[in-house]
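This is run29.pdb. It holds PDB, C-alpha atoms and all ligand atoms.
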MODEL        1
ATOM      1  CA  MET R 123     -64.264  -5.004   9.885
ATOM      2  CA  LYS R 124     -60.729  -3.856   9.195
ATOM      3  CA  LEU R 125     -60.415  -0.251   8.032
ATOM      4  CA  ASP R 126     -58.493  -1.518   5.001
ATOM      5  CA  SER R 127     -61.585  -3.122   3.590
ATOM      6  CA  LEU R 128     -63.200   0.309   3.184
ATOM      7  CA  ILE R 129     -60.404   1.517   0.909
ATOM      8  CA  PRO R 130     -60.604   0.447  -2.731
ATOM      9  CA  ALA R 131     -57.917  -2.203  -3.476
ATOM     10  CA  PRO R 132     -55.823  -0.048  -5.867
ATOM     11  CA  LEU R 133     -55.533   2.702  -3.245
ATOM     12  CA  ARG R 134     -54.453   0.492  -0.350
ATOM     13  CA  ARG R 135     -50.928   0.694   1.003
ATOM     14  CA  PRO R 136     -49.116  -2.496  -0.085
ATOM     15  CA  ALA R 137     -48.314  -4.873   2.759
ATOM     16  CA  LYS R 138     -44.694  -4.931   3.920
ATOM     17  CA  PRO R 139     -42.772  -8.159   3.270
ATOM     18  CA  GLY R 140     -43.673 -10.644   5.947
ATOM     19  CA  GLU R 141     -46.993  -8.883   6.713
ATOM     20  CA  GLY R 142     -50.404  -9.373   5.150
ATOM     21  CA  ASP R 143     -51.878 -12.556   3.785
ATOM     22  CA  GLY R 144     -51.891 -14.761   0.683
ATOM     23  CA  ALA R 145     -49.203 -14.223  -1.956
ATOM     24  CA  LYS R 146     -47.787 -11.182  -0.122
ATOM     25  CA  GLY R 147     -46.870 -13.210   2.999
ATOM     26  CA  ALA R 148     -43.380 -14.242   4.064
ATOM     27  CA  ALA R 149     -41.480 -16.076   1.356
ATOM     28  CA  PRO R 150     -41.035 -19.758   2.224
ATOM     29  CA  ALA R 151     -37.472 -20.862   2.810
ATOM     30  CA  ASP R 152     -37.533 -23.589   0.195
ATOM     31  CA  LEU R 153     -39.972 -23.161  -2.667
ATOM     32  CA  LYS R 154     -39.409 -26.698  -3.958
ATOM     33  CA  THR R 155     -40.307 -28.595  -0.797
ATOM     34  CA  SER R 156     -42.935 -26.172   0.488
ATOM     35  CA  PRO R 157     -44.472 -24.218  -2.414
ATOM     36  CA  PRO R 158     -46.699 -21.281  -1.414
ATOM     37  CA  GLU R 159     -50.220 -22.371  -0.650
ATOM     38  CA  ARG R 160     -52.731 -21.331  -3.284
ATOM     39  CA  PRO R 161     -55.827 -19.774  -1.759
ATOM     40  CA  SER R 162     -58.864 -21.997  -1.971
ATOM     41  CA  ASP R 163     -61.992 -20.900  -3.860
ATOM     42  CA  ALA R 164     -63.674 -20.108  -0.550
ATOM     43  CA  GLN R 165     -60.736 -17.903   0.522
ATOM     44  CA  ARG R 166     -60.756 -16.071  -2.818
ATOM     45  CA  LEU R 167     -64.513 -15.561  -2.557
ATOM     46  CA  GLY R 168     -64.067 -14.329   1.023
ATOM     47  CA  SER R 169     -61.491 -11.735   0.058
ATOM     48  CA  ARG R 170     -63.614 -10.533  -2.867
ATOM     49  CA  ALA R 171     -66.590 -10.226  -0.518
ATOM     50  CA  LYS R 172     -64.387  -8.162   1.819
ATOM     51  CA  ASP R 173     -63.591  -5.796  -1.053
ATOM     52  CA  ALA R 174     -67.204  -5.556  -2.208
ATOM     53  CA  PRO R 175     -68.290  -2.492  -0.153
ATOM     54  CA  ALA R 176     -65.199  -0.495  -1.163
ATOM     55  CA  ASP R 177     -65.557  -1.582  -4.787
ATOM     56  CA  ALA R 178     -69.207  -0.526  -4.800
ATOM     57  CA  LEU R 179     -68.264   2.889  -3.366
ATOM     58  CA  ALA R 180     -65.467   3.266  -5.920
ATOM     59  CA  TRP R 181     -67.928   2.367  -8.708
ATOM     60  CA  VAL R 182     -70.331   5.119  -7.595
ATOM     61  CA  ASP R 183     -67.485   7.591  -7.057
ATOM     62  CA  GLN R 184     -66.039   7.077 -10.543
ATOM     63  CA  ARG R 185     -69.436   7.946 -12.000
ATOM     64  CA  THR R 186     -70.423  10.818  -9.708
ATOM     65  CA  GLY R 187     -67.242  12.269  -8.216
ATOM     66  CA  ALA R 188     -69.220  12.300  -4.960
ATOM     67  CA  THR R 189     -66.211  11.877  -2.660
ATOM     68  CA  GLY R 190     -65.125  15.467  -3.321
ATOM     69  CA  PHE R 191     -68.519  16.703  -2.174
ATOM     70  CA  VAL R 192     -68.759  14.343   0.807
ATOM     71  CA  THR R 193     -65.235  15.060   2.066
ATOM     72  CA  GLY R 194     -65.886  18.796   1.557
ATOM     73  CA  MET R 195     -68.993  18.418   3.728
ATOM     74  CA  LEU R 196     -67.466  16.251   6.428
ATOM     75  CA  PHE R 197     -63.891  17.518   6.698
ATOM     76  CA  ARG R 198     -64.532  21.244   6.772
ATOM     77  CA  LYS R 199     -62.283  23.495   8.782
ATOM     78  CA  VAL R 200     -64.140  25.144  11.623
ATOM     79  CA  PRO R 201     -63.060  28.311  13.392
ATOM     80  CA  LYS R 202     -61.253  28.270  16.727
ATOM     81  CA  GLY R 203     -63.625  28.424  19.667
ATOM     82  CA  THR R 204     -66.356  26.363  17.987
ATOM     83  CA  ASN R 205     -68.383  24.949  20.863
ATOM     84  CA  TRP R 206     -71.491  22.963  21.774
ATOM     85  CA  PHE R 207     -73.816  25.796  20.713
ATOM     86  CA  TYR R 208     -72.786  25.073  17.135
ATOM     87  CA  THR R 209     -74.455  21.662  17.334
ATOM     88  CA  LEU R 210     -77.946  23.170  17.616
ATOM     89  CA  GLY R 211     -78.362  23.420  13.819
ATOM     90  CA  SER R 212     -77.460  19.753  13.347
ATOM     91  CA  ALA R 213     -79.733  18.863  16.272
ATOM     92  CA  THR R 214     -82.604  20.668  14.504
ATOM     93  CA  LEU R 215     -81.774  18.757  11.333
ATOM     94  CA  PHE R 216     -81.805  15.482  13.273
ATOM     95  CA  ALA R 217     -85.190  16.364  14.819
ATOM     96  CA  PHE R 218     -86.542  17.043  11.318
ATOM     97  CA  ILE R 219     -85.284  13.676  10.051
ATOM     98  CA  VAL R 220     -86.934  11.910  13.016
ATOM     99  CA  GLN R 221     -90.197  13.710  12.197
ATOM    100  CA  ALA R 222     -89.944  12.705   8.532
ATOM    101  CA  VAL R 223     -89.252   9.035   9.308
ATOM    102  CA  THR R 224     -91.918   8.650  12.024
ATOM    103  CA  GLY R 225     -94.356  10.634   9.834
ATOM    104  CA  VAL R 226     -93.969   8.140   6.993
ATOM    105  CA  PHE R 227     -94.941   5.271   9.321
ATOM    106  CA  LEU R 228     -97.907   7.188  10.741
ATOM    107  CA  ALA R 229     -99.120   7.952   7.202
ATOM    108  CA  MET R 230     -99.337   4.212   6.526
ATOM    109  CA  PHE R 231    -102.216   3.961   9.005
ATOM    110  CA  TYR R 232    -103.686   7.462   9.292
ATOM    111  CA  VAL R 233    -106.918   8.230   7.401
ATOM    112  CA  PRO R 234    -107.406  11.956   6.639
ATOM    113  CA  SER R 235    -111.188  11.934   6.849
ATOM    114  CA  SER R 236    -113.265  13.794   9.399
ATOM    115  CA  THR R 237    -115.169  10.615  10.256
ATOM    116  CA  GLU R 238    -112.190   8.242  10.408
ATOM    117  CA  ALA R 239    -109.179  10.317  11.487
ATOM    118  CA  TYR R 240    -109.764   9.924  15.211
ATOM    119  CA  ALA R 241    -110.447   6.179  14.892
ATOM    120  CA  SER R 242    -107.312   5.696  12.813
ATOM    121  CA  ILE R 243    -105.199   7.424  15.459
ATOM    122  CA  SER R 244    -106.788   5.235  18.174
ATOM    123  CA  HIS R 245    -105.972   2.219  16.017
ATOM    124  CA  ILE R 246    -102.329   3.374  15.735
ATOM    125  CA  ASN R 247    -102.104   3.897  19.501
ATOM    126  CA  ASN R 248    -103.856   0.728  20.597
ATOM    127  CA  ASP R 249    -103.422  -1.961  17.957
ATOM    128  CA  VAL R 250    -100.476  -1.250  15.671
ATOM    129  CA  PHE R 251     -97.109  -2.750  16.691
ATOM    130  CA  LEU R 252     -95.032   0.093  18.275
ATOM    131  CA  GLY R 253     -97.764   2.481  17.054
ATOM    132  CA  ALA R 254     -98.052   4.416  20.330
ATOM    133  CA  PHE R 255     -94.249   4.707  20.462
ATOM    134  CA  VAL R 256     -93.914   6.065  16.917
ATOM    135  CA  HIS R 257     -96.891   8.383  17.410
ATOM    136  CA  GLY R 258     -95.367   9.600  20.681
ATOM    137  CA  MET R 259     -92.010  10.228  19.010
ATOM    138  CA  HIS R 260     -93.719  12.278  16.296
ATOM    139  CA  LYS R 261     -95.862  14.238  18.757
ATOM    140  CA  TRP R 262     -93.074  15.053  21.221
ATOM    141  CA  GLY R 263     -90.564  15.378  18.403
ATOM    142  CA  SER R 264     -92.527  18.298  16.978
ATOM    143  CA  SER R 265     -92.067  20.249  20.224
ATOM    144  CA  VAL R 266     -88.401  19.251  20.334
ATOM    145  CA  MET R 267     -87.864  20.576  16.809
ATOM    146  CA  VAL R 268     -89.607  23.872  17.603
ATOM    147  CA  ILE R 269     -87.496  24.347  20.758
ATOM    148  CA  LEU R 270     -84.265  23.449  18.924
ATOM    149  CA  ILE R 271     -84.939  25.738  15.980
ATOM    150  CA  PHE R 272     -85.456  28.688  18.359
ATOM    151  CA  LEU R 273     -82.282  27.848  20.277
ATOM    152  CA  HIS R 274     -80.365  27.563  16.982
ATOM    153  CA  MET R 275     -81.755  30.899  15.822
ATOM    154  CA  GLY R 276     -80.741  32.427  19.164
ATOM    155  CA  ARG R 277     -77.206  31.060  18.748
ATOM    156  CA  THR R 278     -76.808  32.485  15.248
ATOM    157  CA  PHE R 279     -78.245  35.823  16.406
ATOM    158  CA  PHE R 280     -76.085  36.220  19.519
ATOM    159  CA  PHE R 281     -72.957  35.112  17.647
ATOM    160  CA  GLY R 282     -73.663  37.701  14.934
ATOM    161  CA  ALA R 283     -73.868  34.985  12.259
ATOM    162  CA  TYR R 284     -76.639  36.886  10.435
ATOM    163  CA  LYS R 285     -74.154  39.541   9.280
ATOM    164  CA  TYR R 286     -72.348  39.744   5.921
ATOM    165  CA  PRO R 287     -71.925  37.397   4.075
ATOM    166  CA  ARG R 288     -74.534  35.194   5.773
ATOM    167  CA  GLU R 289     -77.629  37.409   5.477
ATOM    168  CA  LEU R 290     -79.194  35.119   2.869
ATOM    169  CA  ASN R 291     -78.751  32.115   5.153
ATOM    170  CA  TRP R 292     -80.482  34.036   7.928
ATOM    171  CA  VAL R 293     -83.397  34.848   5.582
ATOM    172  CA  ILE R 294     -83.634  31.187   4.527
ATOM    173  CA  GLY R 295     -83.596  30.338   8.250
ATOM    174  CA  VAL R 296     -86.504  32.717   8.933
ATOM    175  CA  VAL R 297     -88.537  31.008   6.198
ATOM    176  CA  LEU R 298     -87.601  27.622   7.710
ATOM    177  CA  LEU R 299     -88.813  28.874  11.093
ATOM    178  CA  VAL R 300     -92.189  29.949   9.661
ATOM    179  CA  LEU R 301     -92.554  26.647   7.808
ATOM    180  CA  THR R 302     -91.656  24.648  10.927
ATOM    181  CA  MET R 303     -94.260  26.522  12.971
ATOM    182  CA  THR R 304     -96.822  25.936  10.203
ATOM    183  CA  MET R 305     -95.878  22.260  10.250
ATOM    184  CA  ALA R 306     -96.624  22.098  13.992
ATOM    185  CA  PHE R 307     -99.886  24.024  13.535
ATOM    186  CA  THR R 308    -101.234  21.913  10.653
ATOM    187  CA  GLY R 309    -100.180  18.660  12.354
ATOM    188  CA  TYR R 310    -102.077  19.538  15.526
ATOM    189  CA  LEU R 311    -105.465  19.253  13.777
ATOM    190  CA  LEU R 312    -104.832  15.813  12.303
ATOM    191  CA  PRO R 313    -105.964  13.609  15.270
ATOM    192  CA  PHE R 314    -109.295  15.477  14.932
ATOM    193  CA  ASP R 315    -110.228  15.164  18.599
ATOM    194  CA  GLN R 316    -111.874  17.901  20.672
ATOM    195  CA  ARG R 317    -108.583  19.441  21.703
ATOM    196  CA  SER R 318    -107.097  19.603  18.220
ATOM    197  CA  PHE R 319    -110.383  20.824  16.726
ATOM    198  CA  TRP R 320    -110.801  23.767  19.106
ATOM    199  CA  ALA R 321    -107.096  24.625  19.191
ATOM    200  CA  SER R 322    -107.219  24.914  15.392
ATOM    201  CA  VAL R 323    -110.346  27.109  15.572
ATOM    202  CA  VAL R 324    -108.439  29.433  17.916
ATOM    203  CA  GLY R 325    -105.285  29.327  15.744
ATOM    204  CA  ILE R 326    -107.202  30.094  12.541
ATOM    205  CA  ASN R 327    -109.012  33.001  14.261
ATOM    206  CA  ILE R 328    -105.699  34.407  15.535
ATOM    207  CA  ASN R 329    -104.346  34.254  11.971
ATOM    208  CA  GLY R 330    -107.428  36.192  10.900
ATOM    209  CA  THR R 331    -106.441  39.133  13.107
ATOM    210  CA  GLY R 332    -103.223  39.726  11.139
ATOM    211  CA  PRO R 333    -102.966  42.992   9.177
ATOM    212  CA  VAL R 334    -104.083  43.052   5.514
ATOM    213  CA  VAL R 335    -103.555  39.354   4.681
ATOM    214  CA  GLY R 336    -104.988  38.039   7.989
ATOM    215  CA  PRO R 337    -108.631  37.521   6.904
ATOM    216  CA  TYR R 338    -107.570  35.951   3.582
ATOM    217  CA  LEU R 339    -105.179  33.666   5.391
ATOM    218  CA  SER R 340    -107.800  32.432   7.855
ATOM    219  CA  ASP R 341    -110.309  31.878   4.996
ATOM    220  CA  PHE R 342    -107.671  29.893   3.141
ATOM    221  CA  LEU R 343    -106.836  27.777   6.190
ATOM    222  CA  ARG R 344    -110.474  27.115   7.152
ATOM    223  CA  ALA R 345    -111.303  26.088   3.560
ATOM    224  CA  GLY R 346    -114.992  26.830   4.117
ATOM    225  CA  PRO R 347    -117.380  28.743   6.401
ATOM    226  CA  GLU R 348    -116.698  26.436   9.381
ATOM    227  CA  LEU R 349    -113.821  24.205  10.378
ATOM    228  CA  GLY R 350    -114.653  20.721   9.038
ATOM    229  CA  ALA R 351    -113.796  17.976   6.570
ATOM    230  CA  THR R 352    -112.322  20.309   3.936
ATOM    231  CA  THR R 353    -110.141  21.984   6.577
ATOM    232  CA  LEU R 354    -108.759  18.589   7.577
ATOM    233  CA  SER R 355    -107.956  17.671   3.954
ATOM    234  CA  ARG R 356    -106.280  21.011   3.421
ATOM    235  CA  PHE R 357    -104.201  20.778   6.605
ATOM    236  CA  TYR R 358    -103.268  17.204   5.748
ATOM    237  CA  SER R 359    -102.006  18.047   2.264
ATOM    238  CA  ILE R 360    -100.101  21.089   3.543
ATOM    239  CA  HIS R 361     -98.618  19.019   6.388
ATOM    240  CA  MET R 362     -97.768  15.972   4.274
ATOM    241  CA  LEU R 363     -96.802  17.322   0.865
ATOM    242  CA  LEU R 364     -96.283  21.052   0.601
ATOM    243  CA  LEU R 365     -94.292  21.808   3.747
ATOM    244  CA  PRO R 366     -91.957  18.775   3.857
ATOM    245  CA  GLY R 367     -90.964  19.405   0.225
ATOM    246  CA  ALA R 368     -90.340  23.101   0.853
ATOM    247  CA  ILE R 369     -88.443  22.420   4.095
ATOM    248  CA  ILE R 370     -86.201  19.791   2.469
ATOM    249  CA  ALA R 371     -85.367  22.160  -0.418
ATOM    250  CA  LEU R 372     -84.625  25.044   1.947
ATOM    251  CA  ILE R 373     -82.523  22.905   4.303
ATOM    252  CA  GLY R 374     -80.526  21.905   1.186
ATOM    253  CA  ALA R 375     -79.922  25.581   0.333
ATOM    254  CA  HIS R 376     -79.163  26.371   4.002
ATOM    255  CA  MET R 377     -76.567  23.597   4.211
ATOM    256  CA  TYR R 378     -75.033  24.567   0.875
ATOM    257  CA  LEU R 379     -74.428  28.067   2.212
ATOM    258  CA  VAL R 380     -73.079  26.779   5.538
ATOM    259  CA  VAL R 381     -70.533  24.649   3.681
ATOM    260  CA  LYS R 382     -69.691  27.382   1.163
ATOM    261  CA  LEU R 383     -69.310  30.231   3.655
ATOM    262  CA  GLY R 384     -68.135  28.267   6.684
ATOM    263  CA  THR R 385     -69.350  29.063  10.173
ATOM    264  CA  THR R 386     -68.612  32.199  12.147
ATOM    265  CA  ALA R 387     -66.136  32.278  15.011
ATOM    266  CA  PRO R 388     -67.565  33.138  18.440
ATOM    267  CA  PRO R 389     -67.746  36.945  18.788
ATOM    268  CA  TRP R 390     -65.496  37.019  21.871
ATOM    269  CA  LEU R 391     -62.513  35.726  19.881
ATOM    270  CA  ARG R 392     -60.360  38.441  18.307
ATOM    271  CA  ALA R 393     -58.774  37.886  14.921
ATOM    272  CA  GLU R 394     -55.206  36.623  15.261
ATOM    273  CA  LYS R 395     -52.351  38.817  14.037
ATOM    274  CA  PRO R 396     -50.862  37.322  10.876
ATOM    275  CA  LYS R 397     -47.810  35.229  11.794
ATOM    276  CA  GLY R 398     -44.467  36.848  10.998
ATOM    277  CA  ALA R 399     -45.771  40.416  11.031
ATOM    278  CA  ALA R 400     -43.135  42.691  12.571
ATOM    279  CA  PRO R 401     -44.201  44.954  15.419
ATOM    280  CA  LEU R 402     -44.806  48.530  14.260
ATOM    281  CA  ALA R 403     -41.998  49.888  16.482
ATOM    282  CA  GLN R 404     -39.454  47.755  14.603
ATOM    283  CA  LEU R 405     -40.785  48.889  11.240
ATOM    284  CA  ASP R 406     -40.467  52.507  12.318
ATOM    285  CA  ALA R 407     -36.924  51.923  13.537
ATOM    286  CA  GLY R 408     -36.043  50.262  10.223
ATOM    287  CA  ALA R 409     -37.499  53.130   8.236
ATOM    288  CA  LYS R 410     -35.401  55.634  10.202
ATOM    289  CA  GLY R 411     -32.258  53.491  10.145
ATOM    290  CA  ASP R 412     -31.929  52.974   6.389
ATOM    291  CA  GLY R 413     -32.484  56.640   5.695
ATOM    292  CA  GLY R 414     -34.267  56.133   2.383
ATOM    293  CA  GLY R 415     -37.496  54.308   3.353
ATOM    294  CA  PRO R 416     -40.805  56.085   3.494
ATOM    295  CA  SER R 417     -41.512  57.268   7.018
ATOM    296  CA  ARG R 418     -45.002  56.760   8.455
TER     297      ARG R 418
HETATM  298  C1  LIG P   1     -85.061  23.323   9.866
HETATM  299  C2  LIG P   1     -84.399  24.291  10.443
HETATM  300  C3  LIG P   1     -82.916  24.505  10.424
HETATM  301  C4  LIG P   1     -81.893  23.611  10.240
HETATM  302  C5  LIG P   1     -82.007  22.118  10.013
HETATM  303  C6  LIG P   1     -80.657  24.348  10.328
HETATM  304  C7  LIG P   1     -79.401  23.776  10.239
HETATM  305  C8  LIG P   1     -78.210  24.493  10.360
HETATM  306  C9  LIG P   1     -76.893  23.914  10.510
HETATM  307  C10 LIG P   1     -76.618  22.409  10.593
HETATM  308  C11 LIG P   1     -75.999  24.915  10.561
HETATM  309  C12 LIG P   1     -74.463  24.806  10.740
HETATM  310  C13 LIG P   1     -74.090  24.544  12.194
HETATM  311  C14 LIG P   1     -74.627  25.554  13.169
HETATM  312  O1  LIG P   1     -74.219  26.712  13.113
HETATM  313  O2  LIG P   1     -75.461  25.165  13.999
HETATM  314  C15 LIG P   1     -76.745  26.154  10.428
HETATM  315  C16 LIG P   1     -76.175  27.394  10.400
HETATM  316  C17 LIG P   1     -76.887  28.596  10.331
HETATM  317  N1  LIG P   1     -78.249  28.728  10.469
HETATM  318 FE1  LIG P   1     -79.580  27.209  10.499
HETATM  319  N2  LIG P   1     -80.940  25.671  10.534
HETATM  320  C18 LIG P   1     -82.312  25.810  10.612
HETATM  321  C19 LIG P   1     -83.004  26.975  10.885
HETATM  322  C20 LIG P   1     -82.429  28.220  11.016
HETATM  323  C21 LIG P   1     -83.093  29.427  11.450
HETATM  324  C22 LIG P   1     -84.550  29.474  11.921
HETATM  325  C23 LIG P   1     -82.193  30.443  11.365
HETATM  326  C24 LIG P   1     -82.375  31.905  11.696
HETATM  327  C25 LIG P   1     -83.469  32.576  11.498
HETATM  328  C26 LIG P   1     -80.946  29.886  10.893
HETATM  329  C27 LIG P   1     -79.809  30.601  10.628
HETATM  330  C28 LIG P   1     -78.560  30.063  10.427
HETATM  331  C29 LIG P   1     -77.352  30.829  10.196
HETATM  332  C30 LIG P   1     -77.241  32.359  10.076
HETATM  333  C31 LIG P   1     -76.305  29.901  10.127
HETATM  334  C32 LIG P   1     -74.805  30.210   9.926
HETATM  335  C33 LIG P   1     -74.152  30.102  11.286
HETATM  336  C34 LIG P   1     -72.709  30.515  11.275
HETATM  337  O3  LIG P   1     -72.179  30.904  10.237
HETATM  338  O4  LIG P   1     -72.080  30.474  12.354
HETATM  339  N3  LIG P   1     -81.110  28.529  10.721
HETATM  340  N4  LIG P   1     -78.085  25.863  10.319
ENDMDL
END

Can I see the file as structure tokens?
Amino acid sequence: MKLDSLIPAPLRRPAKPGEGDGAKGAAPADLKTSPPERPSDAQRLGSRAKDAPADALAWVDQRTGATGFVTGMLFRKVPKGTNWFYTLGSATLFAFIVQAVTGVFLAMFYVPSSTEAYASISHINNDVFLGAFVHGMHKWGSSVMVILIFLHMGRTFFFGAYKYPRELNWVIGVVLLVLTMTMAFTGYLLPFDQRSFWASVVGININGTGPVVGPYLSDFLRAGPELGATTLSRFYSIHMLLLPGAIIALIGAHMYLVVKLGTTAPPWLRAEKPKGAAPLAQLDAGAKGDGGGPSR
């Protein structure tokens, strides 16, 4: 597709004489003997179809003004020295999107019941088209997201990005970290096999050792005297509804602040001297020379 077709017709640069197609083409030498060819219906339809995507975008833009927002997001200035470590946040975001998409497909077949959960996962792995692949992506993707979020947090910490004015974004990030870990923890129980069952027993007991809120937290997570059907339902609803909603909202706030505040320059770069500033020695000389200026 030519780039032109992405630009709404009124905004396109007009073709130079002799270039382009249709009525804007080279003028025929003799209009009487060879009048310009009128485009056929099919040609007209073709050119309108070519304009359709740009027209649709222009239609949405006129009603939402979204281009300002999108160009602000995509064409931000970034500080000098921005490097590969700055991609870790976007990589975490990508991992989250993969988890969300694969999770939707798994939810089409998963049954959150203590008697059927394991069978439904076996069904996904053995019978459903690409089921094992999607399940594998979700399972390994959870570890990938946890690793990436820690690396991203390390980057922002070592680059001093938690300092003024980005403290709030750091705090939002800490909440995102806790929610991501809770996502991984609640998801682990869902296959309801021996490993996930006993790992969750251990995890819930560890939560119970926390100060003050620990015992309440483990009671809340267990949802009963022993880990069982109610625990599975509770983990499922937290994993499927509560946490994704909260994470999406917080990622929105996180991104808003990244765009609003911009990213930090690497700490080893020193601020540049403003261009055109005269060296101090010259200023001093000037002050002495004219006799009247204030001396430093
Ligand atoms: C779902 C999890 C997260 C996502 C999707 C995410 C995404 C991003 C993205 C895309 C950026 C801009 C590019 C970059 O610097 O990498 C960013 C910046 C930032 N993130 Fe995160 N992040 C997440 C979690 C966290 C965590 C756990 C922390 C820290 C506790 C954190 C703290 C920050 C800070 C302070 C910035 C500003 C960096 C700067 O100004 O240079 N984020 N985040």

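Between CA of Ala213 (chain R) and CA of Arg317 (chain R) the separation is 29.4 Å.
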
Show me, as a Markdown table, the residues of region 304-363 of chain R having an atom within 7 Å of region 221-239 of chain R, each with the closest atom pair and its distance in Å, using only C-alpha atoms.
| residue | atom | partner | partner_atom | distance |
| --- | --- | --- | --- | --- |
| R:Pro313 | CA | R:Ala239 | CA | 6.0 |
| R:Phe314 | CA | R:Ala239 | CA | 6.2 |
| R:Ala351 | CA | R:Ser236 | CA | 5.1 |
| R:Leu354 | CA | R:Ser236 | CA | 6.8 |
| R:Ser355 | CA | R:Pro234 | CA | 6.3 |
| R:Tyr358 | CA | R:Pro234 | CA | 6.7 |

Task: Evaluate the PyMOL selection byres (((not hetatm)) within 7 of (chain P and resi 1)) and report residues as a PyMOL selection string - done: chain R and resi 207-212+214-215+218+271-272+274-275+278+283-284+288-289+291-293+295-296+298-299+302+369+373+376-377+380+384-387

- [ ] In Å, rounded to a single decimal, give me how far CA of Ala368 (chain R) is from CA of Gly332 (chain R).
- [x] 23.4 Å

TODO: For the structure provided, state which residues fall under the PyMOL selection byres (((chain R and resi 323) around 12) and not hetatm), and present them as a ChimeraX atom specification.
DONE: /R:307-308,310-311,314,316-322,324-330,340-341,343-344,347-350,353-354

- [ ] Can you work out which one of R:Phe279, R:Val220, R:Tyr338, R:Gly346 has the shortest atom-to-atom distance to Val256 (chain R), counting all atoms listed in the file?
- [x] R:Val220

Task: Separation of CA of Val266 (chain R) from CA of Met195 (chain R) in Å - done: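 Atom-to-atom, CA of Met195 (chain R) and CA of Val266 (chain R) are spaced 25.6 Å apart.
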
Task: Given only C-alpha atoms as the counted atoms, nearest of R:Leu252, R:Pro389, R:Lys397, R:Ala171 to Lys202 (chain R) - done: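 Among R:Leu252, R:Pro389, R:Lys397, R:Ala171, it is R:Pro389 that comes nearest to Lys202 (chain R).
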
- [ ] Considering all atoms listed in the file, state which residue in the set R:Asp163, R:Val182, R:Lys138, R:Phe191 is at the smallest distance from Lys382 (chain R).
- [x]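 Selected residue with least distance to Lys382 (chain R): R:Phe191.
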